[in-house]
$ cat final-v3.pdb   # PDB, C-alpha atoms and all ligand atoms
MODEL        1
ATOM      1  CA  MET K 172     106.425 112.470  64.061
ATOM      2  CA  THR K 173     103.260 113.470  62.259
ATOM      3  CA  ASP K 174     100.329 114.503  64.432
ATOM      4  CA  ASN K 175      97.991 112.420  62.280
ATOM      5  CA  LEU K 176      99.877 109.197  62.851
ATOM      6  CA  ASN K 177     100.243 109.972  66.554
ATOM      7  CA  HIS K 178      96.503 110.522  66.790
ATOM      8  CA  GLU K 179      95.648 107.429  64.741
ATOM      9  CA  ILE K 180      97.844 105.090  66.804
ATOM     10  CA  PHE K 181      96.537 106.599  70.058
ATOM     11  CA  TRP K 182      92.973 105.801  69.055
ATOM     12  CA  GLN K 183      93.909 102.333  67.833
ATOM     13  CA  VAL K 184      95.314 101.668  71.315
ATOM     14  CA  HIS K 185      92.282 103.131  73.084
ATOM     15  CA  ARG K 186      89.258 102.141  71.038
ATOM     16  CA  ASP K 187      86.931  99.434  72.373
ATOM     17  CA  LEU K 188      88.607  99.003  75.751
ATOM     18  CA  PRO K 189      86.305  98.045  78.670
ATOM     19  CA  ARG K 190      87.143 101.365  80.343
ATOM     20  CA  GLU K 191      89.259 104.356  79.385
ATOM     21  CA  ALA K 192      90.695 104.875  82.871
ATOM     22  CA  PRO K 193      91.312 102.721  85.948
ATOM     23  CA  GLY K 194      88.051 101.684  87.568
ATOM     24  CA  SER K 195      85.560  98.849  88.033
ATOM     25  CA  ASP K 196      81.867  98.351  88.662
ATOM     26  CA  ALA K 197      82.750  97.352  92.245
ATOM     27  CA  SER K 198      84.456 100.718  92.896
ATOM     28  CA  THR K 199      81.664 102.641  91.153
ATOM     29  CA  LEU K 200      79.100 100.904  93.383
ATOM     30  CA  ARG K 201      81.213 101.389  96.502
ATOM     31  CA  ALA K 202      81.293 105.151  95.876
ATOM     32  CA  LEU K 203      77.545 105.147  95.140
ATOM     33  CA  SER K 204      76.905 103.433  98.498
ATOM     34  CA  MET K 205      78.610 106.351 100.273
ATOM     35  CA  LEU K 206      75.884 108.844  99.282
ATOM     36  CA  PRO K 207      73.298 109.063 102.071
ATOM     37  CA  GLY K 208      69.764 109.831 100.925
ATOM     38  CA  LEU K 209      70.305 109.947  97.163
ATOM     39  CA  PRO K 210      66.748 110.098  95.730
ATOM     40  CA  ALA K 211      65.643 106.831  94.081
ATOM     41  CA  SER K 212      64.938 108.570  90.778
ATOM     42  CA  ALA K 213      67.926 110.918  90.956
ATOM     43  CA  ARG K 214      69.249 113.006  88.077
ATOM     44  CA  ILE K 215      72.905 112.084  87.558
ATOM     45  CA  LEU K 216      75.435 113.800  85.295
ATOM     46  CA  ASP K 217      78.474 111.651  84.337
ATOM     47  CA  ILE K 218      81.164 114.021  83.029
ATOM     48  CA  GLY K 219      83.831 112.720  80.611
ATOM     49  CA  CYS K 220      81.921 109.437  80.495
ATOM     50  CA  GLY K 221      83.987 107.819  77.697
ATOM     51  CA  PRO K 222      82.448 104.502  76.619
ATOM     52  CA  GLY K 223      80.410 104.688  79.815
ATOM     53  CA  ALA K 224      81.024 101.523  81.867
ATOM     54  CA  GLN K 225      80.295 103.563  84.993
ATOM     55  CA  SER K 226      77.234 105.311  83.440
ATOM     56  CA  VAL K 227      75.676 101.900  82.782
ATOM     57  CA  ALA K 228      76.644 100.597  86.246
ATOM     58  CA  LEU K 229      74.977 103.628  87.845
ATOM     59  CA  ALA K 230      71.805 103.200  85.785
ATOM     60  CA  ARG K 231      71.626  99.485  86.602
ATOM     61  CA  ALA K 232      72.103 100.055  90.334
ATOM     62  CA  THR K 233      69.483 102.827  90.642
ATOM     63  CA  GLN K 234      66.308 104.126  89.055
ATOM     64  CA  ALA K 235      68.215 107.279  88.148
ATOM     65  CA  ASP K 236      68.278 109.180  84.897
ATOM     66  CA  VAL K 237      71.922 109.383  83.771
ATOM     67  CA  THR K 238      73.089 112.114  81.399
ATOM     68  CA  ALA K 239      76.529 111.067  80.140
ATOM     69  CA  ALA K 240      78.648 113.835  78.613
ATOM     70  CA  ASP K 241      81.780 113.472  76.476
ATOM     71  CA  THR K 242      83.271 115.172  73.404
ATOM     72  CA  HIS K 243      84.376 112.002  71.588
ATOM     73  CA  GLN K 244      81.345 110.829  69.610
ATOM     74  CA  PRO K 245      82.588 107.237  69.025
ATOM     75  CA  PHE K 246      82.655 106.743  72.827
ATOM     76  CA  LEU K 247      79.096 108.095  73.096
ATOM     77  CA  ASP K 248      77.979 105.698  70.347
ATOM     78  CA  ASP K 249      79.654 102.848  72.221
ATOM     79  CA  LEU K 250      77.872 103.896  75.419
ATOM     80  CA  ALA K 251      74.501 103.908  73.615
ATOM     81  CA  ARG K 252      75.186 100.306  72.497
ATOM     82  CA  ARG K 253      76.236  99.231  76.002
ATOM     83  CA  ALA K 254      73.185 100.867  77.595
ATOM     84  CA  ALA K 255      70.885  99.107  75.105
ATOM     85  CA  GLN K 256      72.570  95.756  75.811
ATOM     86  CA  ALA K 257      72.135  96.301  79.563
ATOM     87  CA  GLY K 258      68.472  97.236  79.108
ATOM     88  CA  VAL K 259      68.887 100.757  80.526
ATOM     89  CA  ALA K 260      68.906 102.799  77.291
ATOM     90  CA  GLU K 261      65.737 104.645  78.328
ATOM     91  CA  ARG K 262      67.506 106.142  81.344
ATOM     92  CA  VAL K 263      70.991 106.746  79.878
ATOM     93  CA  HIS K 264      71.334 109.850  77.708
ATOM     94  CA  PRO K 265      74.649 110.244  75.838
ATOM     95  CA  LEU K 266      75.406 113.914  75.242
ATOM     96  CA  ASN K 267      78.152 115.459  73.127
ATOM     97  CA  ALA K 268      79.175 118.343  75.405
ATOM     98  CA  SER K 269      82.405 119.725  76.817
ATOM     99  CA  MET K 270      83.138 119.711  80.538
ATOM    100  CA  PHE K 271      84.367 123.301  80.050
ATOM    101  CA  ASP K 272      80.939 124.483  78.971
ATOM    102  CA  LEU K 273      78.130 122.622  80.726
ATOM    103  CA  ASN K 274      74.720 124.271  80.999
ATOM    104  CA  PHE K 275      71.405 122.619  81.836
ATOM    105  CA  ASP K 276      67.889 123.858  82.549
ATOM    106  CA  GLN K 277      67.496 121.611  85.580
ATOM    107  CA  PRO K 278      70.038 120.896  88.316
ATOM    108  CA  PHE K 279      71.369 117.417  89.146
ATOM    109  CA  ASP K 280      71.312 115.379  92.359
ATOM    110  CA  LEU K 281      74.728 113.884  91.639
ATOM    111  CA  LEU K 282      77.782 114.780  89.562
ATOM    112  CA  TRP K 283      79.957 111.802  88.627
ATOM    113  CA  SER K 284      83.316 111.740  86.870
ATOM    114  CA  GLU K 285      85.788 108.851  86.646
ATOM    115  CA  GLY K 286      89.275 109.483  85.305
ATOM    116  CA  ALA K 287      88.329 112.707  83.530
ATOM    117  CA  ILE K 288      88.375 115.699  85.902
ATOM    118  CA  TYR K 289      92.149 116.029  85.355
ATOM    119  CA  ILE K 290      91.288 117.490  81.922
ATOM    120  CA  ILE K 291      89.834 120.646  83.459
ATOM    121  CA  GLY K 292      91.789 120.342  86.729
ATOM    122  CA  PHE K 293      90.498 118.899  90.000
ATOM    123  CA  GLU K 294      89.684 122.076  91.886
ATOM    124  CA  ARG K 295      88.489 124.052  88.866
ATOM    125  CA  GLY K 296      86.161 121.225  87.799
ATOM    126  CA  LEU K 297      84.668 120.852  91.254
ATOM    127  CA  ARG K 298      84.209 124.616  91.599
ATOM    128  CA  GLU K 299      82.740 125.273  88.127
ATOM    129  CA  TRP K 300      80.456 122.210  88.091
ATOM    130  CA  ARG K 301      78.939 123.030  91.488
ATOM    131  CA  LYS K 302      76.408 125.354  89.796
ATOM    132  CA  LEU K 303      74.935 122.259  88.097
ATOM    133  CA  LEU K 304      74.024 120.672  91.455
ATOM    134  CA  LYS K 305      70.943 121.011  93.617
ATOM    135  CA  PRO K 306      71.662 122.406  97.104
ATOM    136  CA  GLY K 307      72.844 119.432  99.174
ATOM    137  CA  GLY K 308      73.631 117.485  95.991
ATOM    138  CA  PHE K 309      76.539 115.041  95.749
ATOM    139  CA  VAL K 310      79.773 114.788  93.828
ATOM    140  CA  ALA K 311      81.833 111.610  93.248
ATOM    141  CA  VAL K 312      85.024 111.834  91.197
ATOM    142  CA  THR K 313      88.206 109.838  90.730
ATOM    143  CA  GLU K 314      91.524 111.599  90.440
ATOM    144  CA  ILE K 315      95.082 110.293  90.093
ATOM    145  CA  SER K 316      96.825 111.264  93.339
ATOM    146  CA  TRP K 317     100.176 110.886  95.083
ATOM    147  CA  LEU K 318      99.691 108.326  97.849
ATOM    148  CA  LYS K 319     102.928 108.888  99.746
ATOM    149  CA  PRO K 320     105.655 111.471  99.968
ATOM    150  CA  ASN K 321     108.945 111.436  98.062
ATOM    151  CA  PRO K 322     107.976 109.444  94.962
ATOM    152  CA  PRO K 323     110.910 108.031  92.956
ATOM    153  CA  GLU K 324     112.453 110.402  90.435
ATOM    154  CA  SER K 325     111.174 108.542  87.349
ATOM    155  CA  ALA K 326     107.548 108.613  88.583
ATOM    156  CA  ARG K 327     107.853 112.279  89.551
ATOM    157  CA  LYS K 328     109.362 113.155  86.173
ATOM    158  CA  PHE K 329     106.779 111.224  84.125
ATOM    159  CA  TRP K 330     103.731 112.641  85.929
ATOM    160  CA  GLY K 331     105.327 116.070  86.317
ATOM    161  CA  LYS K 332     105.222 116.241  82.509
ATOM    162  CA  ALA K 333     101.991 114.290  81.849
ATOM    163  CA  TYR K 334      99.954 115.909  84.645
ATOM    164  CA  PRO K 335     101.704 118.741  86.468
ATOM    165  CA  GLY K 336      98.564 119.364  88.578
ATOM    166  CA  MET K 337      98.708 115.923  90.213
ATOM    167  CA  ALA K 338      98.323 116.439  93.976
ATOM    168  CA  THR K 339      98.417 114.432  97.191
ATOM    169  CA  VAL K 340      95.252 113.017  98.760
ATOM    170  CA  GLU K 341      95.434 115.657 101.523
ATOM    171  CA  GLU K 342      95.767 118.466  98.968
ATOM    172  CA  ASN K 343      92.787 117.144  97.005
ATOM    173  CA  LEU K 344      90.655 116.922 100.159
ATOM    174  CA  ALA K 345      91.550 120.566 100.804
ATOM    175  CA  HIS K 346      90.558 121.411  97.197
ATOM    176  CA  LEU K 347      87.239 119.612  97.687
ATOM    177  CA  ALA K 348      86.558 121.764 100.756
ATOM    178  CA  SER K 349      87.658 125.014  99.109
ATOM    179  CA  ALA K 350      85.394 124.258  96.123
ATOM    180  CA  GLY K 351      82.460 124.171  98.564
ATOM    181  CA  TYR K 352      81.887 120.492  99.407
ATOM    182  CA  ARG K 353      81.869 118.576 102.684
ATOM    183  CA  SER K 354      83.862 115.357 102.307
ATOM    184  CA  LEU K 355      81.800 112.195 102.766
ATOM    185  CA  GLY K 356      84.871 109.992 102.437
ATOM    186  CA  HIS K 357      87.475 108.804  99.968
ATOM    187  CA  PHE K 358      89.162 105.539  99.030
ATOM    188  CA  THR K 359      91.999 104.394  96.788
ATOM    189  CA  LEU K 360      91.006 102.202  93.865
ATOM    190  CA  PRO K 361      92.536  98.715  94.147
ATOM    191  CA  GLU K 362      95.410  97.906  91.803
ATOM    192  CA  SER K 363      93.149  95.394  90.016
ATOM    193  CA  ASP K 364      91.094  98.409  88.824
ATOM    194  CA  TRP K 365      94.149  99.533  86.854
ATOM    195  CA  TRP K 366      94.949  96.139  85.360
ATOM    196  CA  ASP K 367      91.705  94.284  84.679
ATOM    197  CA  ASN K 368      89.739  96.840  82.682
ATOM    198  CA  TYR K 369      92.504  99.120  81.486
ATOM    199  CA  TYR K 370      96.226  98.315  81.438
ATOM    200  CA  HIS K 371      95.977  94.578  80.625
ATOM    201  CA  PRO K 372      93.683  95.113  77.612
ATOM    202  CA  MET K 373      95.841  98.087  76.577
ATOM    203  CA  ALA K 374      99.033  96.006  76.765
ATOM    204  CA  VAL K 375      97.470  93.321  74.554
ATOM    205  CA  ARG K 376      96.454  96.013  72.054
ATOM    206  CA  ILE K 377      99.949  97.549  72.075
ATOM    207  CA  LYS K 378     101.501  94.135  71.366
ATOM    208  CA  SER K 379      99.266  93.546  68.350
ATOM    209  CA  LEU K 380      99.911  97.079  67.027
ATOM    210  CA  ARG K 381     103.667  96.516  67.309
ATOM    211  CA  GLU K 382     103.173  93.550  64.979
ATOM    212  CA  LYS K 383     100.978  95.624  62.656
ATOM    213  CA  TYR K 384     103.619  98.400  62.300
ATOM    214  CA  PRO K 385     106.920  96.425  62.490
ATOM    215  CA  ASN K 386     108.994  98.795  60.342
ATOM    216  CA  ASN K 387     107.460 102.073  61.381
ATOM    217  CA  PRO K 388     109.644 103.835  63.978
ATOM    218  CA  GLU K 389     107.109 106.653  64.414
ATOM    219  CA  ALA K 390     104.321 104.240  65.265
ATOM    220  CA  GLN K 391     106.640 102.261  67.539
ATOM    221  CA  ALA K 392     107.555 105.494  69.373
ATOM    222  CA  VAL K 393     103.878 106.209  70.158
ATOM    223  CA  LEU K 394     103.478 102.636  71.373
ATOM    224  CA  ASP K 395     106.642 102.950  73.498
ATOM    225  CA  LEU K 396     105.165 105.967  75.251
ATOM    226  CA  GLU K 397     101.851 104.242  75.961
ATOM    227  CA  TYR K 398     103.697 101.183  77.252
ATOM    228  CA  ALA K 399     105.994 103.305  79.435
ATOM    229  CA  GLU K 400     102.976 104.482  81.436
ATOM    230  CA  ILE K 401     101.969 100.863  82.090
ATOM    231  CA  GLU K 402     105.491  99.850  83.147
ATOM    232  CA  LEU K 403     105.747 102.881  85.418
ATOM    233  CA  TYR K 404     102.632 101.805  87.292
ATOM    234  CA  ARG K 405     103.927  98.230  87.527
ATOM    235  CA  GLN K 406     107.012  99.570  89.316
ATOM    236  CA  TYR K 407     105.628 102.437  91.352
ATOM    237  CA  SER K 408     101.990 101.675  92.179
ATOM    238  CA  ALA K 409     102.756 102.174  95.877
ATOM    239  CA  TRP K 410     103.389 105.876  95.275
ATOM    240  CA  TYR K 411     100.409 106.903  93.189
ATOM    241  CA  GLY K 412      96.903 105.703  92.487
ATOM    242  CA  TYR K 413      93.398 106.720  91.572
ATOM    243  CA  VAL K 414      91.367 107.955  94.518
ATOM    244  CA  PHE K 415      87.573 108.272  94.670
ATOM    245  CA  TYR K 416      86.582 111.543  96.378
ATOM    246  CA  ILE K 417      82.971 111.805  97.538
ATOM    247  CA  GLY K 418      81.438 115.077  98.719
ATOM    248  CA  GLN K 419      78.227 116.963  99.351
ATOM    249  CA  ALA K 420      77.479 120.561  98.368
TER     250      ALA K 420
HETATM  251  C1  LIG N 501      90.574 108.961  80.582
HETATM  252  S1  LIG N 501      89.028 109.006  79.758
HETATM  253  C2  LIG N 501      87.879 108.416  81.004
HETATM  254  C3  LIG N 501      86.582 107.948  80.403
HETATM  255  C4  LIG N 501      85.589 107.237  81.333
HETATM  256  N1  LIG N 501      85.134 108.079  82.412
HETATM  257  C5  LIG N 501      86.162 105.952  81.867
HETATM  258  O1  LIG N 501      86.566 105.933  83.054
HETATM  259  O2  LIG N 501      86.200 104.979  81.127
HETATM  260  C6  LIG N 501      88.678 110.747  79.682
HETATM  261  C7  LIG N 501      87.461 111.088  78.851
HETATM  262  O3  LIG N 501      87.295 112.499  78.809
HETATM  263  C8  LIG N 501      86.824 112.837  77.514
HETATM  264  N2  LIG N 501      87.061 114.273  77.278
HETATM  265  C9  LIG N 501      88.203 114.880  76.842
HETATM  266  N3  LIG N 501      88.017 116.213  76.792
HETATM  267  C10 LIG N 501      86.732 116.439  77.200
HETATM  268  C11 LIG N 501      85.949 117.614  77.364
HETATM  269  N4  LIG N 501      86.441 118.829  77.114
HETATM  270  N5  LIG N 501      84.682 117.475  77.805
HETATM  271  C12 LIG N 501      84.157 116.258  78.063
HETATM  272  N6  LIG N 501      84.855 115.108  77.921
HETATM  273  C13 LIG N 501      86.132 115.202  77.506
HETATM  274  C14 LIG N 501      87.559 111.903  76.586
HETATM  275  O4  LIG N 501      86.908 111.797  75.330
HETATM  276  C15 LIG N 501      87.528 110.624  77.400
HETATM  277  O5  LIG N 501      86.373 109.876  77.125
ENDMDL
END
$ encode --input "final-v3.pdb" --output "structure tokens"
Amino acid sequence: MTDNLNHEIFWQVHRDLPREAPGSDASTLRALSMLPGLPASARILDIGCGPGAQSVALARATQADVTAADTHQPFLDDLARRAAQAGVAERVHPLNASMFDLNFDQPFDLLWSEGAIYIIGFERGLREWRKLLKPGGFVAVTEISWLKPNPPESARKFWGKAYPGMATVEENLAHLASAGYRSLGHFTLPESDWWDNYYHPMAVRIKSLREKYPNNPEAQAVLDLEYAEIELYRQYSAWYGYVFYIGQA
């Protein structure tokens, strides 16, 4: 399979989705409500913001200034459009920057990251990003996590390959503490957060791409892989999920 085709089909599946990971405005706002004493005009950094549904939700729910960092410029352009549509463009600042190399002159009150910290690794991200926070500042991140012991072999095999660092909720709470944060609580995202804004629109996209590339086995193989992830969750959602972890430095 050529890397170019792989890449092209991947982006055709993923472009213009409501979100690029499980989540919803309701879960974003629930996590926000768990931060006691966040200043009204806080400085927020949203890391791996993608097209920025959560960046816009945060800006709408607060008077905060939201810097939204990602390395994929089309997502940042999409975020700028969404922020303008929502009337919060003045307080949402898309920034092309890597989560591996974040440096700012002023510290933040809150670090946010939905469905993206896995890229750097949960504990490493929390530890390295802490320098960007004011003393007593907050962190709120979602991370795919094992929800119960002894997951079925096919789920363990798939995620063992796709994300070998995937840990249990208890292990992640221990990582949060060892990275220097006091836990303020955690909750599992509802299954609707996977379907409504992510897997359902993705499945529709996959179906139309199958029709677009009917005689292209390479393209169909990429689509098979994307669809396998969706089917795996349909079968095994009791064993793994996205968990919001909320902490204070
Ligand atoms: C699974 S998506 C989640 C996006 C968004 N937070 C959401 O929930 O819709 C992960 C995001 O991380 C971004 N990303 C990948 N590598 C990155 C890096 N080194 N630094 C910052 N963002 C990165 C991708 O472009 C993508 O937007």
$ closest_residue --input "final-v3.pdb" --among "K:Trp182, K:Trp365, K:Phe271, K:Tyr407" --to "ligand LIG 501 (chain N)" --atoms "only C-alpha atoms and all ligand atoms"
K:Phe271
$ resolve_selection --input "final-v3.pdb" --expression "the PyMOL selection byres (((chain K and resi 218) around 8) and not hetatm)" --output "PyMOL selection string"
chain K and resi 216-217+219-220+239-241+270+282-285+287-288
$ write_last_selection --input "final-v3.pdb" --atoms "C-alpha atoms" --output "short mmCIF file (atom, residue, chain, number, x, y, z; two decimals), keeping the file's coordinate frame"
data_model
loop_
_atom_site.label_atom_id
_atom_site.label_comp_id
_atom_site.auth_asym_id
_atom_site.auth_seq_id
_atom_site.Cartn_x
_atom_site.Cartn_y
_atom_site.Cartn_z
CA LEU K 216 75.44 113.80 85.30
CA ASP K 217 78.47 111.65 84.34
CA GLY K 219 83.83 112.72 80.61
CA CYS K 220 81.92 109.44 80.50
CA ALA K 239 76.53 111.07 80.14
CA ALA K 240 78.65 113.84 78.61
CA ASP K 241 81.78 113.47 76.48
CA MET K 270 83.14 119.71 80.54
CA LEU K 282 77.78 114.78 89.56
CA TRP K 283 79.96 111.80 88.63
CA SER K 284 83.32 111.74 86.87
CA GLU K 285 85.79 108.85 86.65
CA ALA K 287 88.33 112.71 83.53
CA ILE K 288 88.38 115.70 85.90
#
$ resolve_selection --input "final-v3.pdb" --expression "the PyMOL selection byres (((chain K and resi 195-204) around 8) and not hetatm)" --output "compact mmCIF listing (two decimals) with C-alpha atoms, in the coordinates of the input"
# COMPACT_ATOMS: atom_id res chain seq x y z
CA PRO K 193 91.31 102.72 85.95
CA GLY K 194 88.05 101.68 87.57
CA MET K 205 78.61 106.35 100.27
CA LEU K 206 75.88 108.84 99.28
CA PRO K 207 73.30 109.06 102.07
CA ALA K 224 81.02 101.52 81.87
CA GLN K 225 80.30 103.56 84.99
CA ALA K 228 76.64 100.60 86.25
CA LEU K 229 74.98 103.63 87.84
CA ALA K 232 72.10 100.06 90.33
CA ALA K 311 81.83 111.61 93.25
CA LEU K 360 91.01 102.20 93.86
CA ASP K 364 91.09 98.41 88.82
CA ASN K 368 89.74 96.84 82.68
CA PHE K 415 87.57 108.27 94.67
CA ILE K 417 82.97 111.80 97.54
$ residues_around --input "final-v3.pdb" --residues "K:Gly258" --least-positions-apart "4" --cutoff "10 Å" --atoms "all atoms listed in the file" --output "PyMOL selection string"
chain K and resi 227+230-231+252-254+262-263
$ atom_distance --input "final-v3.pdb" --atom1 "atom CA of K:Ala409" --atom2 "atom CA of K:Ser363"
13.1 Å
$ resolve_selection --input "final-v3.pdb" --expression "the PyMOL selection byres (((chain K and resi 357) around 8) and not hetatm)" --output "mmCIF file with C-alpha atoms, in the frame of the given file"
data_model
loop_
_atom_site.group_PDB
_atom_site.id
_atom_site.type_symbol
_atom_site.label_atom_id
_atom_site.label_comp_id
_atom_site.auth_asym_id
_atom_site.auth_seq_id
_atom_site.Cartn_x
_atom_site.Cartn_y
_atom_site.Cartn_z
ATOM 1 C CA SER K 354 83.862 115.357 102.307
ATOM 2 C CA LEU K 355 81.800 112.195 102.766
ATOM 3 C CA GLY K 356 84.871 109.992 102.437
ATOM 4 C CA PHE K 358 89.162 105.539 99.030
ATOM 5 C CA THR K 359 91.999 104.394 96.788
ATOM 6 C CA VAL K 414 91.367 107.955 94.518
ATOM 7 C CA PHE K 415 87.573 108.272 94.670
ATOM 8 C CA TYR K 416 86.582 111.543 96.378
ATOM 9 C CA ILE K 417 82.971 111.805 97.538
#
$ atom_distance --input "final-v3.pdb" --atom1 "atom CA of K:Phe279" --atom2 "atom CA of K:Ile215"
5.8 Å
$ residues_around --input "final-v3.pdb" --residues "K:Asn274" --least-positions-apart "6" --cutoff "12 Å" --atoms "all atoms listed in the file" --output "NGL selection string"
:K and (216 or 240 or 266 or 268 or 299-304)
$ atom_distance --input "final-v3.pdb" --atom1 "atom O5 of ligand LIG 501 (chain N)" --atom2 "atom CA of K:Ala251"
13.7 Å
$ closest_residue --input "final-v3.pdb" --among "K:Val259, K:Leu318, K:Leu176, K:Ala213" --to "K:Met337" --atoms "only C-alpha atoms"
K:Leu318
$ closest_residue --input "final-v3.pdb" --among "K:Leu380, K:Val312, K:Ala260, K:Leu344" --to "K:Glu397" --atoms "all atoms listed in the file"
K:Leu380
$ closest_residue --input "final-v3.pdb" --among "K:Ile290, K:Val237, K:Leu281, K:Ala255" --to "ligand LIG 501 (chain N)" --atoms "all atoms listed in the file"
K:Ile290
$ closest_residue --input "final-v3.pdb" --among "K:Pro323, K:Gly351, K:Pro306, K:Gly418" --to "K:Gln406" --atoms "only C-alpha atoms"
K:Pro323
$ closest_residue --input "final-v3.pdb" --among "K:Pro372, K:Gly208, K:Pro385, K:Pro189" --to "ligand LIG 501 (chain N)" --atoms "all atoms listed in the file"
K:Pro189
$ residues_around --input "final-v3.pdb" --residues "K:Leu247" --least-positions-apart "5" --cutoff "7 Å" --atoms "only C-alpha atoms" --output "list of chain:residue names"
K:Gly221, K:Pro222, K:Asp241, K:Pro265
$ decode --input "final-v3.pdb" --residues "stretch 330-348 of chain K" --atoms "N, CA and C atoms" --output "compact mmCIF listing (two decimals), in the first residue's frame"
# COMPACT_ATOMS: atom_id res chain seq x y z
N TRP K 330 -5.89 -2.66 20.64
CA TRP K 330 -5.35 -1.47 21.32
C TRP K 330 -3.89 -1.68 21.74
N GLY K 331 -3.52 -2.96 21.93
CA GLY K 331 -2.11 -3.24 22.24
C GLY K 331 -1.22 -2.78 21.09
N LYS K 332 -1.75 -2.86 19.86
CA LYS K 332 -0.99 -2.43 18.68
C LYS K 332 -1.20 -0.92 18.45
N ALA K 333 -2.45 -0.46 18.53
CA ALA K 333 -2.75 0.94 18.19
C ALA K 333 -2.25 1.89 19.27
N TYR K 334 -2.32 1.47 20.54
CA TYR K 334 -1.90 2.35 21.64
C TYR K 334 -1.40 1.51 22.82
N PRO K 335 -0.14 1.07 22.70
CA PRO K 335 0.40 0.19 23.74
C PRO K 335 0.40 0.83 25.13
N GLY K 336 0.39 2.16 25.19
CA GLY K 336 0.44 2.85 26.50
C GLY K 336 -0.92 2.95 27.18
N MET K 337 -1.96 2.39 26.58
CA MET K 337 -3.30 2.53 27.17
C MET K 337 -3.36 1.87 28.55
N ALA K 338 -3.82 2.63 29.55
CA ALA K 338 -3.75 2.18 30.94
C ALA K 338 -5.15 2.12 31.55
N THR K 339 -5.22 1.58 32.76
CA THR K 339 -6.50 1.56 33.48
C THR K 339 -6.74 2.94 34.11
N VAL K 340 -7.97 3.15 34.57
CA VAL K 340 -8.30 4.43 35.22
C VAL K 340 -7.41 4.60 36.47
N GLU K 341 -7.24 3.54 37.24
CA GLU K 341 -6.43 3.63 38.47
C GLU K 341 -4.98 3.98 38.12
N GLU K 342 -4.45 3.36 37.08
CA GLU K 342 -3.07 3.68 36.67
C GLU K 342 -2.96 5.14 36.24
N ASN K 343 -3.95 5.63 35.51
CA ASN K 343 -3.89 7.02 35.05
C ASN K 343 -4.01 7.99 36.22
N LEU K 344 -4.83 7.65 37.22
CA LEU K 344 -4.92 8.53 38.40
C LEU K 344 -3.57 8.56 39.12
N ALA K 345 -2.88 7.42 39.14
CA ALA K 345 -1.54 7.39 39.75
C ALA K 345 -0.57 8.24 38.92
N HIS K 346 -0.69 8.19 37.59
CA HIS K 346 0.17 9.01 36.72
C HIS K 346 -0.10 10.50 36.95
N LEU K 347 -1.37 10.84 37.12
CA LEU K 347 -1.73 12.24 37.37
C LEU K 347 -1.02 12.72 38.64
N ALA K 348 -1.06 11.89 39.68
CA ALA K 348 -0.42 12.26 40.95
C ALA K 348 1.09 12.33 40.79
